[in-house]
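Visitor: Sharing a structure here in structure tokens format.
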Amino acid sequence: MERTERTDGIVRRHRGRAALASLATAALMTAAATACGGPFQDLGPLPPRFSGPPLPADAVVSEMMSVLAAEGITVARQPPDGLGRCTERLTGRHAPGTVDSALEAAVERARSEHGWQPGPDLGSGALTLTKGNWTALTALPSPDPGQGVDSLVILSLSCVDGGTPTATATSAPAPTPS
């Protein structure tokens, strides 16, 4: 019978420890809920993600194309990707020896003459601007694209919300009465 009594003692100790651990866990959870579970203060609606009226895509694309052209960078508007997102892309080529300085000058011109603001910092080699509901992003091209090859310039534009996502669609002419 000693073996059964010893086993009973071991089982009782395990159950006691488990009960004590459960009680301690419940006490900690109650304390945490009491300390952190105060009523939330309603701060009202979130502020808009941009200020002012939403800017249409055509206006933003035209403005950025003229800023780049003023620095000698000729770009073309790429057709929309059809994903229904509010994005635009301008691509072109520029001489590799001056592309970095031309892009930096274009960013500075957009800030000083057109009201664009510095965008989020994405590290070295990336230039970002924001204006209204739009963000412009370009990366400084590779310093050595290859002998005799112009550097590829890509400017991506994306809007937060609002505005017109792509170029204005042409509507079908109304049928003429016969």
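Letters for chains follow the order of the structure tokens (A, B, ...), residue numbers begin at 1 for each chain, and ligand numbers begin at 1 in the order shown.
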At a cut-off of 8 Å, using only C-alpha atoms, what residues contact Ala102 in chain A? Leave out same-chain residues fewer than 3 positions from it and give the result as a ChimeraX atom specification.
Guide: /A:71-73,98-99,105-106
Visitor: Show me, as a count of residues only, the residues that have an atom within 6 Å of Asn133 in chain A when counting only C-alpha atoms, minus same-chain residues fewer than 4 positions from it.
Guide: 4
Visitor: Applying 10 Å and only C-alpha atoms, which residues near His94 in chain A remain after dropping the ones on its own chain fewer than 6 positions away? List them as a list in words.
Guide: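 Listing them by chain and then by number gives Gly72, Ile73, Thr74, Val75, Asp100, Ala102, Leu103, Pro141, Val149, Asp150, Ser151, Leu152 and Val153 of chain A.
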Visitor: For the residues in that selection, give me C-alpha atoms as a PDB file, in the first residue's frame.
Guide:
```pdb
ATOM      1  CA  GLY A  72      16.182  68.480 -69.549  1.00  0.00           C
ATOM      2  CA  ILE A  73      14.514  65.141 -68.731  1.00  0.00           C
ATOM      3  CA  THR A  74      11.913  64.131 -71.291  1.00  0.00           C
ATOM      4  CA  VAL A  75       9.410  61.563 -70.039  1.00  0.00           C
ATOM      5  CA  ASP A 100      21.382  62.381 -60.802  1.00  0.00           C
ATOM      6  CA  ALA A 102      18.966  66.698 -63.105  1.00  0.00           C
ATOM      7  CA  LEU A 103      16.597  64.601 -60.966  1.00  0.00           C
ATOM      8  CA  PRO A 141      19.619  55.425 -61.596  1.00  0.00           C
ATOM      9  CA  VAL A 149      23.381  53.871 -73.057  1.00  0.00           C
ATOM     10  CA  ASP A 150      21.217  56.572 -71.514  1.00  0.00           C
ATOM     11  CA  SER A 151      19.989  56.063 -67.951  1.00  0.00           C
ATOM     12  CA  LEU A 152      16.376  55.025 -67.472  1.00  0.00           C
ATOM     13  CA  VAL A 153      14.306  57.543 -65.488  1.00  0.00           C
TER      14      VAL A 153
END
```
Visitor: Do a neighbour search on Thr130 in chain A at 6 Å with only C-alpha atoms, toss out local chain neighbours closer than 5 positions, and write the hits as a PyMOL selection string.
Guide: chain A and resi 116-117+119+135
Visitor: Filtering to all heavy atoms, could you give me those residues as an mmCIF file, in the first residue's frame?
Guide:
```cif
data_model
loop_
_atom_site.group_PDB
_atom_site.id
_atom_site.type_symbol
_atom_site.label_atom_id
_atom_site.label_comp_id
_atom_site.auth_asym_id
_atom_site.auth_seq_id
_atom_site.Cartn_x
_atom_site.Cartn_y
_atom_site.Cartn_z
ATOM 1 N N TRP A 116 5.295 71.282 -53.882
ATOM 2 C CA TRP A 116 5.468 69.912 -53.419
ATOM 3 C C TRP A 116 6.269 69.938 -52.121
ATOM 4 O O TRP A 116 7.117 70.803 -51.917
ATOM 5 C CB TRP A 116 6.191 69.075 -54.477
ATOM 6 C CG TRP A 116 5.313 68.730 -55.646
ATOM 7 C CD1 TRP A 116 5.003 69.537 -56.693
ATOM 8 C CD2 TRP A 116 4.630 67.502 -55.867
ATOM 9 N NE1 TRP A 116 4.169 68.886 -57.564
ATOM 10 C CE2 TRP A 116 3.926 67.628 -57.084
ATOM 11 C CE3 TRP A 116 4.545 66.307 -55.168
ATOM 12 C CZ2 TRP A 116 3.144 66.600 -57.597
ATOM 13 C CZ3 TRP A 116 3.768 65.286 -55.684
ATOM 14 C CH2 TRP A 116 3.080 65.436 -56.884
ATOM 15 N N GLN A 117 6.013 68.982 -51.253
ATOM 16 C CA GLN A 117 6.695 68.875 -49.964
ATOM 17 C C GLN A 117 7.569 67.624 -49.965
ATOM 18 O O GLN A 117 7.320 66.687 -50.716
ATOM 19 C CB GLN A 117 5.670 68.766 -48.827
ATOM 20 C CG GLN A 117 4.730 69.959 -48.735
ATOM 21 C CD GLN A 117 5.475 71.236 -48.410
ATOM 22 O OE1 GLN A 117 6.334 71.258 -47.546
ATOM 23 N NE2 GLN A 117 5.148 72.306 -49.121
ATOM 24 N N GLY A 119 8.746 64.059 -49.233
ATOM 25 C CA GLY A 119 7.973 62.868 -48.923
ATOM 26 C C GLY A 119 8.661 62.023 -47.873
ATOM 27 O O GLY A 119 9.652 62.444 -47.266
ATOM 28 N N THR A 135 1.740 61.232 -54.031
ATOM 29 C CA THR A 135 3.142 61.022 -53.670
ATOM 30 C C THR A 135 3.900 60.675 -54.935
ATOM 31 O O THR A 135 3.455 59.836 -55.723
ATOM 32 C CB THR A 135 3.290 59.872 -52.651
ATOM 33 O OG1 THR A 135 2.561 60.212 -51.473
ATOM 34 C CG2 THR A 135 4.749 59.640 -52.285
#
```
